[in-house]
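Quick look at entry_16.tsv (TSV, C-alpha atoms and all ligand atoms):
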chain	number	residue	atom	x	y	z
A	1	MET	CA	98.99	106.23	99.97
A	2	ALA	CA	97.01	102.98	99.80
A	3	LEU	CA	96.13	102.12	96.21
A	4	LYS	CA	92.43	101.52	95.58
A	5	LYS	CA	91.26	98.30	93.99
A	6	PHE	CA	89.30	98.17	90.76
A	7	ASN	CA	86.75	95.99	88.99
A	8	ILE	CA	86.74	94.99	85.35
A	9	ILE	CA	83.64	94.88	83.15
A	10	VAL	CA	83.58	93.26	79.71
A	11	ALA	CA	81.35	91.51	77.20
A	12	VAL	CA	83.01	88.56	75.43
A	13	SER	CA	82.10	86.20	72.60
A	14	ASN	CA	82.55	82.41	72.79
A	15	ASP	CA	86.09	82.98	71.49
A	16	MET	CA	86.85	85.77	74.02
A	17	GLY	CA	86.35	88.40	71.30
A	18	ILE	CA	85.41	91.91	72.43
A	19	GLY	CA	85.60	94.15	69.36
A	20	LEU	CA	85.83	94.48	65.60
A	21	ASN	CA	87.09	97.46	63.59
A	22	GLY	CA	87.12	99.70	66.65
A	23	ASP	CA	83.52	98.94	67.56
A	24	LEU	CA	81.51	96.39	69.52
A	25	PRO	CA	80.67	93.27	67.45
A	26	TRP	CA	77.06	93.30	68.72
A	27	ARG	CA	74.33	95.66	69.89
A	28	LEU	CA	72.78	94.46	73.13
A	29	ARG	CA	70.69	97.25	74.65
A	30	LYS	CA	70.01	95.29	77.86
A	31	ASP	CA	73.72	94.75	78.35
A	32	MET	CA	74.54	98.41	77.67
A	33	LYS	CA	71.95	99.31	80.32
A	34	GLN	CA	73.53	96.88	82.78
A	35	PHE	CA	76.97	98.35	81.97
A	36	SER	CA	75.71	101.89	82.68
A	37	LEU	CA	73.96	100.82	85.86
A	38	LEU	CA	76.88	98.89	87.33
A	39	THR	CA	79.57	101.41	86.43
A	40	SER	CA	77.47	104.40	87.60
A	41	LYS	CA	76.10	102.98	90.85
A	42	SER	CA	78.17	104.31	93.72
A	43	THR	CA	77.88	102.62	97.10
A	44	VAL	CA	78.68	105.87	98.95
A	45	ASN	CA	76.39	108.91	99.00
A	46	GLY	CA	77.99	111.94	97.36
A	47	LYS	CA	80.73	109.96	95.59
A	48	ASN	CA	80.98	109.06	91.91
A	49	ASN	CA	82.62	106.06	90.29
A	50	ALA	CA	85.49	106.28	87.81
A	51	VAL	CA	85.84	104.50	84.47
A	52	VAL	CA	89.34	103.85	83.10
A	53	MET	CA	89.76	103.03	79.42
A	54	GLY	CA	92.32	102.85	76.62
A	55	ARG	CA	92.41	105.66	74.08
A	56	ARG	CA	90.86	103.47	71.35
A	57	THR	CA	87.93	102.50	73.59
A	58	TRP	CA	87.34	106.22	74.26
A	59	ASP	CA	87.42	106.80	70.47
A	60	SER	CA	84.90	103.97	70.00
A	61	ILE	CA	82.25	105.70	72.14
A	62	PRO	CA	80.00	107.86	69.93
A	63	GLU	CA	80.73	111.54	70.58
A	64	LYS	CA	77.21	112.22	71.85
A	65	PHE	CA	77.68	109.61	74.62
A	66	ARG	CA	81.10	110.93	75.75
A	67	PRO	CA	82.08	111.42	78.51
A	68	LEU	CA	80.13	108.58	80.16
A	69	PRO	CA	77.80	110.58	82.44
A	70	ASN	CA	77.97	110.58	86.26
A	71	ARG	CA	81.37	108.89	86.12
A	72	VAL	CA	84.89	110.31	86.18
A	73	ASN	CA	86.30	109.41	82.74
A	74	VAL	CA	90.02	108.52	82.70
A	75	VAL	CA	91.70	107.81	79.34
A	76	LEU	CA	95.03	105.97	79.04
A	77	SER	CA	97.42	106.97	76.25
A	78	ARG	CA	101.16	107.01	75.67
A	79	THR	CA	100.89	109.42	72.75
A	80	LEU	CA	98.34	112.10	73.71
A	81	SER	CA	99.56	115.02	75.81
A	82	ASP	CA	96.13	116.37	76.81
A	83	PRO	CA	92.88	114.57	77.69
A	84	PRO	CA	90.72	114.11	74.61
A	85	PRO	CA	87.90	116.71	74.57
A	86	GLY	CA	85.29	115.69	77.13
A	87	ALA	CA	87.49	113.29	79.12
A	88	ASP	CA	88.28	114.22	82.72
A	89	TYR	CA	91.84	112.90	82.97
A	90	LEU	CA	94.61	111.52	80.78
A	91	CYS	CA	97.16	109.08	82.25
A	92	GLY	CA	100.27	107.56	80.68
A	93	SER	CA	99.88	104.18	82.40
A	94	LEU	CA	97.42	102.11	84.42
A	95	ASP	CA	99.66	102.54	87.47
A	96	LYS	CA	99.53	106.34	87.09
A	97	ALA	CA	95.73	106.21	86.76
A	98	MET	CA	95.43	104.14	89.95
A	99	ALA	CA	97.79	106.51	91.78
A	100	LEU	CA	95.76	109.53	90.61
A	101	LEU	CA	92.46	107.98	91.73
A	102	SER	CA	93.89	106.77	95.05
A	103	ASP	CA	95.49	110.07	96.06
A	104	GLU	CA	94.09	113.41	97.24
A	105	PRO	CA	91.79	114.97	96.19
A	106	LEU	CA	90.17	112.28	94.01
A	107	ASN	CA	90.38	109.49	96.59
A	108	ASN	CA	87.69	111.29	98.62
A	109	GLN	CA	85.45	111.90	95.60
A	110	ILE	CA	85.56	108.46	93.99
A	111	ASP	CA	83.98	105.22	95.13
A	112	LEU	CA	84.37	102.33	92.67
A	113	ILE	CA	86.88	102.19	89.84
A	114	TRP	CA	85.86	100.27	86.71
A	115	ILE	CA	88.27	99.20	83.97
A	116	ILE	CA	86.19	99.23	80.79
A	117	GLY	CA	88.64	98.13	78.07
A	118	GLY	CA	90.00	97.52	75.57
A	119	SER	CA	92.13	94.46	75.13
A	120	GLU	CA	95.52	95.94	76.04
A	121	VAL	CA	94.17	97.53	79.19
A	122	TYR	CA	92.19	94.40	80.15
A	123	LYS	CA	95.32	92.25	79.78
A	124	GLU	CA	97.32	94.43	82.16
A	125	ALA	CA	94.39	94.83	84.56
A	126	MET	CA	93.77	91.06	84.83
A	127	MET	CA	97.41	90.59	85.94
A	128	SER	CA	97.21	93.32	88.57
A	129	PRO	CA	96.97	92.56	92.30
A	130	LEU	CA	94.58	95.54	92.46
A	131	CYS	CA	91.92	93.72	90.44
A	132	HIS	CA	89.04	92.72	92.70
A	133	GLN	CA	86.09	91.50	90.61
A	134	VAL	CA	85.55	90.82	86.91
A	135	TYR	CA	82.01	91.27	85.56
A	136	ILE	CA	81.63	89.31	82.33
A	137	THR	CA	78.80	89.19	79.85
A	138	ARG	CA	79.18	85.89	77.98
A	139	VAL	CA	77.70	86.50	74.55
A	140	SER	CA	76.86	83.20	72.89
A	141	SER	CA	78.31	83.99	69.47
A	142	HIS	CA	81.29	83.13	67.29
A	143	VAL	CA	81.18	86.55	65.61
A	144	GLN	CA	84.43	87.74	63.96
A	145	CYS	CA	86.57	89.90	66.28
A	146	ASP	CA	89.97	91.61	66.11
A	147	ALA	CA	90.22	92.55	69.81
A	148	PHE	CA	90.19	89.95	72.59
A	149	PHE	CA	89.96	89.50	76.36
A	150	PRO	CA	92.64	87.27	77.95
A	151	ASN	CA	91.72	83.78	79.13
A	152	ILE	CA	90.74	83.80	82.80
A	153	ASP	CA	93.34	82.09	84.98
A	154	LYS	CA	91.17	79.83	87.18
A	155	LEU	CA	94.04	79.49	89.66
A	156	LYS	CA	93.85	83.26	90.21
A	157	TYR	CA	90.12	83.95	89.78
A	158	LYS	CA	87.12	82.06	91.12
A	159	GLN	CA	83.54	82.44	89.92
A	160	ILE	CA	81.19	83.89	92.54
A	161	SER	CA	77.43	84.53	92.84
A	162	LEU	CA	76.13	87.98	93.65
A	163	SER	CA	72.52	88.58	94.68
A	164	ASP	CA	72.12	91.53	92.29
A	165	ILE	CA	73.49	89.70	89.23
A	166	ASP	CA	71.09	87.36	87.45
A	167	GLY	CA	73.16	84.49	86.05
A	168	LYS	CA	70.32	83.04	83.97
A	169	GLU	CA	70.58	83.00	80.19
A	170	GLN	CA	68.93	86.00	78.54
A	171	GLU	CA	68.18	86.78	74.91
A	172	GLU	CA	67.92	89.92	72.82
A	173	ARG	CA	67.12	89.91	69.10
A	174	GLY	CA	68.16	86.26	68.85
A	175	ILE	CA	71.51	86.74	70.67
A	176	LYS	CA	71.83	84.74	73.89
A	177	PHE	CA	73.97	86.03	76.76
A	178	ARG	CA	74.46	85.58	80.49
A	179	TYR	CA	76.32	87.30	83.30
A	180	GLU	CA	79.23	85.86	85.29
A	181	VAL	CA	81.30	87.42	88.05
A	182	TYR	CA	84.82	86.33	89.04
A	183	GLN	CA	86.84	87.43	92.03
A	184	GLN	CA	90.58	87.37	92.42
A	185	ILE	CA	91.44	84.71	95.01
A	186	ASN	CA	92.84	86.18	98.26
A	187	ASN	CA	91.80	89.63	97.14
B	1	LIG	N1	83.22	94.02	74.52
B	1	LIG	C1	83.59	94.90	75.43
B	1	LIG	O1	83.19	94.82	76.58
B	1	LIG	C2	84.52	96.02	75.04
B	1	LIG	C3	84.92	96.97	75.98
B	1	LIG	C4	85.81	97.98	75.57
B	1	LIG	C5	86.25	98.04	74.27
B	1	LIG	N2	85.81	97.10	73.38
B	1	LIG	C6	86.29	97.10	71.99
B	1	LIG	O2	87.71	96.95	72.03
B	1	LIG	C7	88.27	97.65	70.93
B	1	LIG	C8	89.25	98.68	71.46
B	1	LIG	O3	90.24	98.01	72.18
B	1	LIG	P1	91.78	98.03	71.76
B	1	LIG	O4	92.42	96.89	72.42
B	1	LIG	O5	91.86	98.16	70.27
B	1	LIG	O6	92.28	99.41	72.34
B	1	LIG	P2	92.29	100.03	73.83
B	1	LIG	O7	92.91	99.09	74.79
B	1	LIG	O8	90.96	100.58	74.15
B	1	LIG	O9	93.23	101.27	73.58
B	1	LIG	C9	94.57	101.05	73.23
B	1	LIG	C10	95.29	102.35	73.40
B	1	LIG	O10	95.19	102.78	74.74
B	1	LIG	C11	96.42	103.30	75.20
B	1	LIG	N3	96.92	102.39	76.23
B	1	LIG	C12	96.61	101.08	76.41
B	1	LIG	N4	97.22	100.59	77.50
B	1	LIG	C13	97.91	101.61	78.02
B	1	LIG	C14	98.74	101.74	79.15
B	1	LIG	N5	98.98	100.71	79.99
B	1	LIG	N6	99.31	102.93	79.39
B	1	LIG	C15	99.07	104.00	78.58
B	1	LIG	N7	98.28	103.94	77.50
B	1	LIG	C16	97.72	102.76	77.22
B	1	LIG	C17	97.29	103.41	73.97
B	1	LIG	O11	96.91	104.66	73.41
B	1	LIG	P3	97.85	105.54	72.44
B	1	LIG	O12	97.89	104.80	71.14
B	1	LIG	O13	97.13	106.85	72.34
B	1	LIG	O14	99.19	105.64	73.11
B	1	LIG	C18	96.78	102.26	73.12
B	1	LIG	O15	97.04	102.42	71.74
B	1	LIG	C19	87.11	98.29	70.19
B	1	LIG	O16	86.70	97.40	69.15
B	1	LIG	C20	86.05	98.39	71.25
B	1	LIG	O17	84.74	98.43	70.72
B	1	LIG	C21	84.96	96.10	73.73

Could you write out this structure as structure tokens?
Ligand SMILES: NC(=O)c1ccc[n+]([C@@H]2O[C@H](COP(=O)([O-])OP(=O)(O)OC[C@H]3O[C@@H](n4cnc5c(N)ncnc54)[C@H](OP(=O)(O)O)[C@@H]3O)[C@@H](O)[C@H]2O)c1
Amino acid sequence: MALKKFNIIVAVSNDMGIGLNGDLPWRLRKDMKQFSLLTSKSTVNGKNNAVVMGRRTWDSIPEKFRPLPNRVNVVLSRTLSDPPPGADYLCGSLDKAMALLSDEPLNNQIDLIWIIGGSEVYKEAMMSPLCHQVYITRVSSHVQCDAFFPNIDKLKYKQISLSDIDGKEQEERGIKFRYEVYQQINN
């Protein structure tokens, strides 16, 4: 079985912060829309994408928005024995999740795989040879955070331009942000 690759998507502060008290440190509707669009948009007719997340990120999604629609929701946990209500699958490790999504029958039903957090999962995912692209929203803010994204190793990842990603600075309710995409070199 050939393991599928995955992409990472994250919004980070100036200090690489991603969360505070189990929630996002900001509310950026445009960015949430972009997140939904990118993670939902399959490149193959009839296939859905999958989102893989840590148990605390699942908990952080308001119940009415769970599971994330039109996507296969995979939750990682070492303590749960069943998927949390609403989630599609529970896996005990990132490797097991990638094996599940790369093997029959899901491999034929799933197009893109998105790692959507949080910090522990991002850290492991950034080190993985299966990581293809990293979609980052750079939020221009020094807001307090207690969860962080790892520093990007520029020897391993290079910044790229994609025609469908506008890299210009944007602003919502006084918060400036812009999109960047990185790709793992030789991958
Ligand atoms: N800014 C962003 O883009 C973004 C995106 C996502 C999340 N966030 C924020 O990040 C915070 C949540 O992140 P977090 O770092 O606290 O938690 P997390 O990574 O979402 O979840 C951690 C939990 O996931 C499970 N887990 C993690 N890695 C695993 C692995 N390799 N194998 C099996 N299980 C694994 C464990 O669950 P058990 O304890 O059940 O064993 C662990 O306690 C929240 O504040 C959230 O809002 C921000």

Which residue is closest to ligand LIG 1 (chain B)? Choose from A:Val74, A:Leu38, A:Val121, A:Met32 and count all atoms listed in the file. A:Val121

Taking only C-alpha atoms and all ligand atoms into account, list the residues no farther than 7 Å from ligand LIG 1 (chain B), as a PyMOL selection string. chain A and resi 9-12+18-24+53-58+60+76-80+91-94+116-121+124+147

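Each of A:Ile160, A:Val44, A:Ile8, A:Val143 was compared to Trp26 of chain A using all atoms listed in the file, and A:Val143 turns out to be the nearest.
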
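With all atoms listed in the file as the basis for measurement, A:Ile113 is the residue among A:Leu37, A:Met16, A:Ala87, A:Ile113 that approaches Val52 of chain A most closely.
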
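Distance check against Asp164 of chain A using only C-alpha atoms: of A:Gln133, A:Ser40, A:Gln34, A:Asn7, the minimum falls on A:Gln34.
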
Any idea what's packed within 12 Å of Asn151 of chain A, counting only C-alpha atoms, ignoring anything in its chain fewer than 6 positions away? Could you give it as a list in words? Val12, Ser13, Asn14, Asp15, Met16, Gly17, Ser119, Tyr122, Lys123, Met126, Met127, Ile136 and Tyr157 of chain A

Which residue out of A:Lys96, A:Gln170, A:Ala125, A:Leu3 has the minimum interatomic distance to Pro150 of chain A when all atoms listed in the file are used? A:Ala125

Box for segment 157-173 of chain A: with edges along x, y and z, all listed atoms inside and 6 Å added on each side, what are the centre and edge lengths in Å to one decimal, as AutoDock Vina command-line options?
--center_x 78.6 --center_y 86.8 --center_z 81.9 --size_x 35.0 --size_y 21.5 --size_z 37.6

What's the separation between atom CA of Arg29 of chain A and atom CA of Asp166 of chain A, in Å to one decimal place? 16.2 Å

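If only C-alpha atoms are the atoms counted, then among A:Ile152, A:Leu90, A:Asp31, A:Lys41 the closest residue to Tyr179 of chain A is A:Asp31.
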
Any idea what the distance is between atom CA of Leu101 of chain A and atom CA of Gln183 of chain A? 21.3 Å

What gap, in Å, lies between atom CA of Glu63 of chain A and atom CA of Asn48 of chain A? 21.5 Å

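A search radius of 12 Å centred on (69.7, 87.1, 70.5), applied to only C-alpha atoms, returns the residues Trp26, Arg27, Leu28, Arg29, Lys30, Asp31, Val139, Ser140, Ser141, Glu169, Gln170, Glu171, Glu172, Arg173, Gly174, Ile175, Lys176, Phe177 and Arg178 of chain A.
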
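Every residue within 7 Å of the file position (90.9, 103.2, 89.3), judged by only C-alpha atoms, is given as Lys4, Lys5, Phe6, Ala50, Val52, Ala97, Met98, Leu101, Ile113 and Trp114 of chain A.
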